[in-house]
Every structure is written in C-alpha cells, then in structure tokens.
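J.: Enclosed is the structure file query_10.txt (compact mmCIF, C-alpha atoms).
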```
# COMPACT_ATOMS: atom_id res chain seq x y z
CA MET A 1 85.56 140.89 91.76
CA ASP A 2 88.44 141.47 89.33
CA GLU A 3 91.67 139.48 89.34
CA ALA A 4 93.69 142.32 90.91
CA ALA A 5 91.33 142.47 93.86
CA GLU A 6 91.36 138.67 94.18
CA ARG A 7 95.14 138.59 94.16
CA ILE A 8 95.54 140.68 97.29
CA HIS A 9 92.69 139.01 99.17
CA VAL A 10 93.76 137.03 102.22
CA THR A 11 91.28 134.88 104.09
CA ARG A 12 90.83 135.63 107.76
CA SER A 13 91.27 132.76 110.15
CA ARG A 14 87.90 131.28 111.06
CA ALA A 15 86.96 129.01 113.93
CA LYS A 16 84.70 126.79 111.79
CA PRO A 17 86.10 126.03 108.33
CA GLY A 18 82.96 124.01 107.63
CA GLY A 19 80.66 126.95 108.34
CA VAL A 20 77.05 126.25 109.26
CA ALA A 21 77.22 122.94 107.38
CA ALA A 22 79.49 121.60 110.13
CA ALA A 23 76.42 121.21 112.34
CA ALA A 24 74.39 119.08 109.89
CA ALA A 25 72.10 116.84 111.90
CA ASP A 26 71.90 113.99 109.39
CA ALA A 27 75.67 113.51 109.06
CA VAL A 28 77.88 110.79 110.49
CA PRO A 29 78.87 111.79 114.07
CA LEU A 30 82.55 112.70 114.37
CA ARG A 31 83.28 110.03 116.98
CA ALA A 32 81.10 107.31 115.50
CA ARG A 33 82.80 103.97 114.91
CA LYS A 34 84.39 103.86 111.47
CA PRO A 35 83.88 100.87 109.16
CA PRO A 36 86.61 98.21 109.31
CA TRP A 37 88.06 99.12 105.91
CA LEU A 38 89.16 102.49 107.35
CA LYS A 39 91.19 101.01 110.19
CA VAL A 40 94.95 101.64 109.92
CA PRO A 41 97.74 100.93 112.41
CA ALA A 42 99.16 103.90 114.27
CA PRO A 43 102.48 105.12 112.84
CA GLY A 44 105.63 104.45 114.81
CA GLY A 45 108.00 102.11 112.97
CA PRO A 46 111.77 102.72 112.91
CA THR A 47 111.83 104.25 109.41
CA TYR A 48 108.89 106.51 110.30
CA ARG A 49 110.68 107.75 113.42
CA ARG A 50 113.94 108.32 111.53
CA LEU A 51 112.25 110.30 108.74
CA LYS A 52 110.24 112.33 111.23
CA THR A 53 113.45 113.34 113.00
CA MET A 54 115.22 114.19 109.73
CA ILE A 55 112.35 116.24 108.32
CA HIS A 56 111.77 118.20 111.51
CA ALA A 57 115.51 118.83 111.95
CA ASP A 58 115.49 120.61 108.57
CA ASN A 59 112.45 122.66 109.64
CA LEU A 60 110.43 121.21 106.77
CA LEU A 61 106.69 120.58 106.59
CA THR A 62 104.87 117.58 105.12
CA VAL A 63 101.25 117.44 104.09
CA CYS A 64 101.31 113.93 105.59
CA GLU A 65 101.30 115.51 109.05
CA GLU A 66 99.56 118.83 108.37
CA ALA A 67 96.54 117.14 106.78
CA ASN A 68 96.48 114.17 109.19
CA CYS A 69 96.88 111.67 106.35
CA PRO A 70 95.88 108.13 107.46
CA ASN A 71 98.69 106.64 105.34
CA VAL A 72 101.55 108.53 107.00
CA GLY A 73 102.84 105.40 108.75
CA GLU A 74 102.82 103.23 105.62
CA CYS A 75 104.29 105.87 103.32
CA TRP A 76 107.06 106.93 105.67
CA GLU A 77 107.97 103.30 106.33
CA ARG A 78 108.38 102.96 102.55
CA GLY A 79 110.69 105.98 102.62
CA THR A 80 108.36 108.39 100.81
CA ALA A 81 106.83 111.69 101.87
CA THR A 82 105.02 114.69 100.40
CA PHE A 83 106.73 117.97 101.20
CA MET A 84 104.62 121.08 101.80
CA ILE A 85 106.35 124.34 100.93
CA LEU A 86 105.51 128.01 101.60
CA GLY A 87 104.51 127.50 105.22
CA ASP A 88 101.55 125.97 107.03
CA VAL A 89 99.01 128.81 106.75
CA CYS A 90 96.65 128.85 103.77
CA THR A 91 94.90 131.89 102.32
CA ARG A 92 91.74 129.89 101.57
CA ARG A 93 89.38 128.05 103.88
CA CYS A 94 88.23 124.79 102.33
CA GLY A 95 85.67 123.21 104.63
CA PHE A 96 87.34 119.79 104.63
CA CYS A 97 91.00 120.76 105.11
CA ASN A 98 92.90 120.61 108.40
CA VAL A 99 95.59 123.10 107.32
CA LYS A 100 95.37 126.45 109.14
CA THR A 101 93.87 129.47 107.37
CA GLY A 102 94.81 133.10 107.81
CA LYS A 103 97.51 135.56 106.77
CA PRO A 104 100.76 133.71 105.95
CA THR A 105 104.16 135.05 106.95
CA TRP A 106 106.44 132.23 105.76
CA ASN A 107 108.65 132.93 102.75
CA ASP A 108 112.08 131.28 103.09
CA PRO A 109 114.22 131.63 99.93
CA LEU A 110 116.39 128.69 101.04
CA GLU A 111 113.47 126.29 101.43
CA PRO A 112 113.86 124.74 97.91
CA LEU A 113 117.46 123.81 98.71
CA ARG A 114 116.49 122.28 102.05
CA VAL A 115 113.73 120.23 100.41
CA ALA A 116 116.10 118.98 97.71
CA ASN A 117 118.73 118.12 100.31
CA GLN A 118 116.17 116.07 102.21
CA VAL A 119 115.07 114.30 99.01
CA ARG A 120 118.70 113.36 98.35
CA ARG A 121 119.30 112.18 101.91
CA MET A 122 116.14 110.05 101.85
CA GLY A 123 117.14 108.53 98.52
CA LEU A 124 113.72 109.12 97.00
CA ARG A 125 112.91 107.87 93.52
CA HIS A 126 109.72 109.94 93.34
CA ALA A 127 109.29 113.18 95.30
CA VAL A 128 105.95 114.96 95.70
CA VAL A 129 105.92 118.68 96.46
CA THR A 130 102.78 120.60 97.36
CA SER A 131 101.94 123.89 99.05
CA VAL A 132 99.27 125.86 100.80
CA ASP A 133 97.38 128.40 98.68
CA ARG A 134 99.34 131.66 98.67
CA ASP A 135 96.98 134.18 97.09
CA ASP A 136 98.96 136.89 98.91
CA LEU A 137 102.03 136.44 96.68
CA PRO A 138 102.39 138.14 93.27
CA ASP A 139 102.84 134.80 91.46
CA TYR A 140 100.79 132.78 93.98
CA GLY A 141 103.88 130.78 94.99
CA ALA A 142 104.89 129.56 91.51
CA SER A 143 108.51 130.69 91.97
CA ALA A 144 108.89 128.43 95.00
CA PHE A 145 107.82 125.40 92.95
CA VAL A 146 110.33 126.40 90.26
CA GLY A 147 113.08 126.59 92.89
CA VAL A 148 112.24 123.18 94.34
CA ILE A 149 112.14 121.46 90.92
CA ARG A 150 115.48 122.97 89.90
CA SER A 151 117.08 122.12 93.25
CA ILE A 152 115.92 118.49 93.15
CA ARG A 153 117.15 118.14 89.58
CA MET A 154 120.60 119.30 90.75
CA GLN A 155 120.86 117.37 94.01
CA ALA A 156 118.92 114.21 93.12
CA PRO A 157 118.93 113.96 89.31
CA GLY A 158 117.56 110.40 89.31
CA CYS A 159 114.43 111.37 91.25
CA LYS A 160 111.08 111.92 89.52
CA VAL A 161 109.35 115.14 90.58
CA GLU A 162 105.60 115.50 91.06
CA VAL A 163 104.14 118.90 91.91
CA LEU A 164 100.70 119.24 93.49
CA THR A 165 99.93 122.91 93.00
CA PRO A 166 97.19 125.42 93.81
CA ASP A 167 95.15 126.78 90.89
CA PHE A 168 97.22 130.01 90.68
CA ARG A 169 93.87 131.80 90.31
CA GLY A 170 93.76 130.45 86.78
CA GLN A 171 96.58 132.77 85.67
CA GLU A 172 98.70 131.48 82.80
CA MET A 173 102.06 133.04 83.64
CA PRO A 174 102.55 131.45 87.10
CA LEU A 175 101.43 128.12 85.67
CA ALA A 176 103.78 128.49 82.70
CA LYS A 177 106.73 129.13 85.06
CA VAL A 178 106.12 125.81 86.80
CA VAL A 179 105.41 123.72 83.70
CA HIS A 180 108.47 125.19 81.96
CA GLU A 181 110.60 123.27 84.48
CA ARG A 182 109.02 120.04 83.18
CA PRO A 183 107.95 118.29 86.38
CA ASP A 184 107.32 114.63 85.63
CA VAL A 185 103.78 114.97 87.00
CA PHE A 186 101.63 118.09 87.25
CA ASN A 187 98.92 117.44 89.84
CA HIS A 188 96.08 119.74 90.83
CA ASN A 189 93.17 118.35 92.80
CA VAL A 190 89.58 119.37 92.09
CA GLU A 191 88.68 117.64 95.41
CA THR A 192 84.89 117.38 94.96
CA VAL A 193 82.06 117.64 92.44
CA PRO A 194 81.03 121.07 91.10
CA ARG A 195 77.76 121.21 93.06
CA LEU A 196 79.59 121.11 96.40
CA TYR A 197 82.13 123.84 95.67
CA PRO A 198 80.15 126.65 97.39
CA ILE A 199 80.34 124.84 100.74
CA ALA A 200 83.55 122.80 100.37
CA ARG A 201 85.92 124.95 98.30
CA ARG A 202 85.22 128.63 98.88
CA GLY A 203 87.45 130.76 96.69
CA SER A 204 87.91 128.03 94.09
CA ARG A 205 86.01 127.06 90.94
CA PHE A 206 85.74 123.61 89.43
CA MET A 207 85.99 124.68 85.81
CA ARG A 208 88.89 127.01 86.57
CA SER A 209 90.77 124.04 88.01
CA CYS A 210 89.91 122.01 84.91
CA ARG A 211 91.31 124.74 82.68
CA VAL A 212 94.53 124.84 84.72
CA LEU A 213 94.97 121.11 84.14
CA ARG A 214 94.27 121.42 80.42
CA MET A 215 96.72 124.33 80.06
CA ALA A 216 99.39 122.37 81.95
CA LYS A 217 99.07 119.53 79.45
CA GLU A 218 99.11 121.89 76.48
CA MET A 219 102.23 123.60 77.81
CA GLY A 220 104.05 120.44 78.90
CA GLY A 221 103.05 118.09 76.09
CA GLU A 222 104.36 114.54 76.32
CA ASP A 223 106.96 115.57 78.92
CA VAL A 224 104.36 116.18 81.64
CA VAL A 225 101.73 113.77 82.99
CA THR A 226 98.59 115.49 84.32
CA LYS A 227 96.81 114.26 87.41
CA SER A 228 93.88 115.18 89.65
CA GLY A 229 91.98 113.78 92.61
CA LEU A 230 88.59 113.80 94.30
CA MET A 231 87.09 112.74 97.62
CA VAL A 232 83.79 111.04 98.34
CA GLY A 233 81.73 111.35 101.50
CA LEU A 234 80.67 115.00 101.29
CA GLY A 235 77.22 114.29 99.89
CA GLU A 236 77.98 113.67 96.21
CA GLU A 237 76.14 111.04 94.14
CA PHE A 238 77.71 108.30 92.03
CA GLU A 239 76.55 109.87 88.78
CA GLU A 240 77.95 113.25 89.83
CA MET A 241 81.32 111.61 90.30
CA LEU A 242 81.20 110.16 86.81
CA GLU A 243 80.28 113.56 85.39
CA ALA A 244 83.26 115.10 87.19
CA PHE A 245 85.51 112.32 85.84
CA GLN A 246 84.34 113.08 82.31
CA LEU A 247 85.04 116.79 82.71
CA LEU A 248 88.56 116.04 83.92
CA ARG A 249 89.21 113.65 81.06
CA ASP A 250 87.85 116.24 78.61
CA HIS A 251 90.51 118.59 79.99
CA SER A 252 93.39 116.16 79.29
CA VAL A 253 93.82 114.68 82.78
CA GLN A 254 95.64 111.34 82.56
CA VAL A 255 95.88 110.09 86.16
CA LEU A 256 93.03 110.06 88.69
CA THR A 257 92.83 109.36 92.43
CA VAL A 258 89.65 108.93 94.50
CA GLY A 259 89.52 108.50 98.27
CA GLN A 260 87.22 108.75 101.27
CA TYR A 261 86.88 112.07 103.08
CA LEU A 262 87.60 111.82 106.81
CA ARG A 263 86.46 114.70 108.98
CA PRO A 264 89.44 116.30 110.80
CA THR A 265 87.48 118.02 113.60
CA GLU A 266 83.92 118.84 114.59
CA ASN A 267 84.41 122.31 113.04
CA HIS A 268 84.95 120.89 109.55
CA LEU A 269 82.40 119.61 107.06
CA PRO A 270 80.72 116.41 108.25
CA VAL A 271 80.94 113.03 106.54
CA ALA A 272 77.66 112.36 104.75
CA ARG A 273 78.45 108.65 104.53
CA TYR A 274 81.31 106.18 104.16
CA TRP A 275 81.54 104.65 100.70
CA HIS A 276 82.02 100.87 100.53
CA PRO A 277 85.15 99.41 98.86
CA GLU A 278 82.92 97.88 96.17
CA GLU A 279 81.72 101.38 95.26
CA PHE A 280 85.32 102.53 94.90
CA ALA A 281 85.95 99.55 92.63
CA ALA A 282 82.98 100.61 90.50
CA LEU A 283 84.33 104.16 90.31
CA GLU A 284 87.73 102.85 89.24
CA ARG A 285 86.23 100.69 86.49
CA ALA A 286 84.15 103.62 85.24
CA ALA A 287 87.18 105.92 85.22
CA TYR A 288 89.16 103.50 83.09
CA GLU A 289 86.20 103.21 80.72
CA ILE A 290 86.14 107.01 80.41
CA GLY A 291 89.76 106.88 79.29
CA PHE A 292 92.09 107.63 82.22
CA GLU A 293 95.50 106.03 81.88
CA SER A 294 96.01 105.28 85.57
CA VAL A 295 93.38 105.22 88.35
CA ALA A 296 93.66 104.62 92.09
CA ALA A 297 90.34 104.51 93.94
CA GLY A 298 89.87 103.25 97.48
CA PRO A 299 88.85 104.34 100.98
CA LEU A 300 92.40 105.21 102.03
CA VAL A 301 93.67 106.50 98.68
CA ARG A 302 95.07 110.01 98.80
CA SER A 303 96.51 112.14 96.02
CA SER A 304 100.11 111.16 96.74
CA TYR A 305 99.44 107.58 97.85
CA HIS A 306 101.82 105.26 95.93
CA ALA A 307 102.45 108.15 93.52
CA ASP A 308 105.63 106.45 92.35
CA GLU A 309 103.56 103.58 90.95
CA GLN A 310 101.06 105.78 89.08
CA LEU A 311 103.63 107.49 86.84
CA PRO A 312 104.93 104.30 85.19
CA ALA A 313 101.33 103.18 84.61
CA ALA A 314 100.50 106.43 82.85
CA ALA A 315 103.72 106.32 80.84
CA SER A 316 103.06 102.78 79.62
CA ALA A 317 99.52 103.73 78.58
CA ALA A 318 100.71 106.73 76.56
```
In structure tokens, how does this file's structure come out?
T.:
Amino acid sequence: MDEAAERIHVTRSRAKPGGVAAAAADAVPLRARKPPWLKVPAPGGPTYRRLKTMIHADNLLTVCEEANCPNVGECWERGTATFMILGDVCTRRCGFCNVKTGKPTWNDPLEPLRVANQVRRMGLRHAVVTSVDRDDLPDYGASAFVGVIRSIRMQAPGCKVEVLTPDFRGQEMPLAKVVHERPDVFNHNVETVPRLYPIARRGSRFMRSCRVLRMAKEMGGEDVVTKSGLMVGLGEEFEEMLEAFQLLRDHSVQVLTVGQYLRPTENHLPVARYWHPEEFAALERAAYEIGFESVAAGPLVRSSYHADEQLPAAASAA
C-alpha cells in the first residue's frame, strides 16, 4: 500500500482490540491476583481532586485517565499530568491500548491555548503532551503539537516541554515541523519488541519508529533529547528486549523507559506473565551498559512517569 493510500486510511472501531490473541488459554487471567509489587493506592487525594476538576473544566484530556495509568494518583498529587490532544479516538488499534479506536471527529484549533493555560495554572516545571494517532489528518496531527509547544512557551516560558508523538507514518515534513519548535524532549514509544508488532501494533513498524527517533535527533541536535519506551509482559524474552534496546541506541535514543503491561479489559491482549522487580533491575543495568544516558525500568514505570527527573539526568550525561 502506498503512502497516499495509508494517509487516508481510518481504522474501524473493533470490539476486540486484541483480536484472536485476546483468548489465549495460557495467559494470566484478567482477574487473577496481581503480585504485591503492582499494588497501588486508589487515587483521591486533595491535589488529585483539584487537578481533576481543573482539567475537566477546560474540556481537556489526559492520557493518565484515558489509558488507565496506575500512577495517576501519585503523579497528580505531585502536580504533574500528561495532556492528550486531538481527541480521544485513535485511528489505529493497538492490542494493548485502552484508548478508543475509530473515525475521529475532534479538531479544536483553540486546544493548544487551553492546554498552555492549564500548564500555567498548574505551575508545571515539565509538561508532557501526547496524542492519539491521527492518520486521517494531512500532517497526522503535527500542527497541533506545534501549536501546543508555541503556546506553552508563551504562557509558561519556564516550563520544559516533552512531546510524545505518533510516528507520523515516517514522513519527514510533519516530524520536521514538530522538531523545529525545539521541544526539550522528543519521545516516541516503540512499545514492544519487533516480533510482537503484528499482534500488538497493527499499522506500525518497529524500524519505522526507530528511524523517526533518529531523524528527530538529527534535526534537533543537542537542543532535543530523544526518548522511547517499551512494555514487558506480552510474551517477549529478555534477550529480545536487549536487542530492541540496542536498535534504539543505534538510532540515537538517549532516554529509555520500561514498564509492565497491564491488561485493560478482557478484549485486549493478555498478560503473558508479570516480570519481577529484579528482572527490571537487570534490564536497567543492561540498558546503561548499552549506552543510554537515563533509564527508568520498573513494574509501574510508564513513559511519562517522573519525566521531569529524566531530562536533567540525560542533560548531565551529555
């Protein structure tokens, strides 16, 4: 399929994002007791409630809520959040993701200003901005990222900006538009090892994502820190993870995050197994040996978890 045909393709909503693999008999049952290292307190503190009210009042979305992040309580109590722009409907259907898939309709030109206003009101020192995949748009949503970066720079000039973008179908011009604004961190997650892409990341390609990350570094130079993240628990092996780490490092990725996949619903891909904290520690050591400047690996680590701490670590290693 050529790029023009891919650009106008919009995924139909499907009842089972995990496909036939969602019914794997040898997987961890959805309602099985989780290991103790995955236990987190339910959110509900005063800062969490205040931020929830503020964010919803501005009609904004956060990936913290849309993706059922287990750290939402901790992060919001710290006064940090990851904003999700361009609506809550994604044009792809990754088997692990809890965000809705289908034909998007959301395209609010004032959204960048509302996000920046919220960043200013929250007093953030490090703002993370992500989006659903928007393969239906001519530039795949790049202009919205540009608008958010510019708006935050105007309304909250002391705030660092991290963008967590789609792959823009590997196209250079949308990517160049975003990197030209010099976000402090350019993040694009590969999510899983190459072997599992056909079942976990339909519509995406591991090496295409790697090339996007390499191009972002080439375009941004020393002004932009590159970052990516993976999950474990989908059936990958330890050595496969190390091979994926090496590919990312070969493509100029500086910061790496690794966390445990948690199945959102019975219709999503099952958890093959829960990795032990000692295994995450081994992954982190190996990643540093490969040459990453900052690594966060743990059962509850997510791409934006303590993102404000990862940037200084990468900067000091440069």
J.: Mind giving me the straight-line distance from atom CA of A:Met215 to atom CA of A:Tyr140 in Å, one decimal?
T.: 16.8 Å
J.: Is it possible to get the residues within 12 Å of (75.4, 114.1, 112.8) (coordinates as in the file, counting all atoms listed in the file) written as a PDB file with C-alpha atoms, in the coordinates of the input?
T.:
```pdb
ATOM      1  CA  ALA A  21      77.220 122.940 107.380  1.00  0.00           C
ATOM      2  CA  ALA A  22      79.490 121.600 110.130  1.00  0.00           C
ATOM      3  CA  ALA A  23      76.420 121.210 112.340  1.00  0.00           C
ATOM      4  CA  ALA A  24      74.390 119.080 109.890  1.00  0.00           C
ATOM      5  CA  ALA A  25      72.100 116.840 111.900  1.00  0.00           C
ATOM      6  CA  ASP A  26      71.900 113.990 109.390  1.00  0.00           C
ATOM      7  CA  ALA A  27      75.670 113.510 109.060  1.00  0.00           C
ATOM      8  CA  VAL A  28      77.880 110.790 110.490  1.00  0.00           C
ATOM      9  CA  PRO A  29      78.870 111.790 114.070  1.00  0.00           C
ATOM     10  CA  LEU A  30      82.550 112.700 114.370  1.00  0.00           C
ATOM     11  CA  ARG A  31      83.280 110.030 116.980  1.00  0.00           C
ATOM     12  CA  ALA A  32      81.100 107.310 115.500  1.00  0.00           C
ATOM     13  CA  ARG A 263      86.460 114.700 108.980  1.00  0.00           C
ATOM     14  CA  GLU A 266      83.920 118.840 114.590  1.00  0.00           C
ATOM     15  CA  LEU A 269      82.400 119.610 107.060  1.00  0.00           C
ATOM     16  CA  PRO A 270      80.720 116.410 108.250  1.00  0.00           C
ATOM     17  CA  VAL A 271      80.940 113.030 106.540  1.00  0.00           C
ATOM     18  CA  ALA A 272      77.660 112.360 104.750  1.00  0.00           C
ATOM     19  CA  ARG A 273      78.450 108.650 104.530  1.00  0.00           C
TER      20      ARG A 273
END
```
J.: So what do you get for atom CA of A:Val129 versus atom CA of A:Met84, distance-wise?
T.: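 Straight-line distance from atom CA of A:Val129 to atom CA of A:Met84 works out to 6.0 Å.
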J.: Rank A:Val148, A:Thr257, A:Asn59, A:Arg302 by their smallest atom-to-atom distance to A:Ala281, using all atoms listed in the file, and report the top residue only.
T.: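 The shortest atom-to-atom distance to A:Ala281 comes from A:Thr257.
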J.: Provide the atom CA of A:Pro109 to atom CA of A:Pro157 distance in Å, to one decimal place.
T.: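 Spanning atom CA of A:Pro109 to atom CA of A:Pro157 is a straight-line distance of 21.1 Å.
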J.: Find, counting only C-alpha atoms, the residue in A:Gln155, A:Asn187, A:Gln171, A:Ser131 that gets nearest to A:Ser303.
T.: A:Asn187
J.: Which is closer to A:Leu234 than all the others in A:Lys217, A:Arg202, A:Arg195, A:Lys39, using all atoms listed in the file?
T.: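 Once distances to A:Leu234 are computed over all atoms listed in the file, the minimum belongs to A:Arg195.
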J.: Show me the residues close to (109.2, 113.8, 96.0) - anything with an atom within 12 Å, counting only C-alpha atoms - and format the list as a ChimeraX atom specification.
T.: /A:62-63,75,79-85,115-130,148-149,151-153,156-164,183-185,304-308
J.: Once you add 6 Å to each side, what are the centre and edge lengths of the axis-aligned box holding all listed atoms of stretch 52-61 of chain A? One decimal in Å, as AutoDock Vina command-line options, if you can.
T.:
```
--center_x 111.1 --center_y 117.5 --center_z 109.8 --size_x 20.8 --size_y 22.3 --size_z 18.4
```
J.: Let me make sure I understand: among A:Arg211, A:Arg150, A:Arg201, A:Arg50, which one has the smallest atom-to-atom distance to A:Gly170 if we use only C-alpha atoms?
T.: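 So, comparing all the options, the nearest one is A:Arg211.
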J.: What's around stretch 205-209 of chain A at 10 Å? Count all atoms listed in the file, leave out sequence neighbours fewer than 3 positions away in its own chain, and write the answer as a ChimeraX atom specification.
T.: /A:166-171,188-198,201-202,212-215,228,244,247-248,251
J.: From the set A:Val253, A:Val89, A:Val178, A:Cys210, which residue has the shortest atom-to-atom contact distance to A:Thr101, counting all atoms listed in the file?
T.: A:Val89
J.: Find the residues near A:Leu38: any atom within 12 Å, counting only C-alpha atoms, skip ones fewer than 5 places away on the same chain, and give them as a PyMOL selection string.
T.: chain A and resi 33+70-71+259-262+274-277+298-301
J.: Counting only C-alpha atoms, which residue out of A:Phe292, A:Met173, A:Gly147, A:His56 sits closest to A:Val225?
T.: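 Checking each candidate against A:Val225, we get A:Phe292 as the closest.
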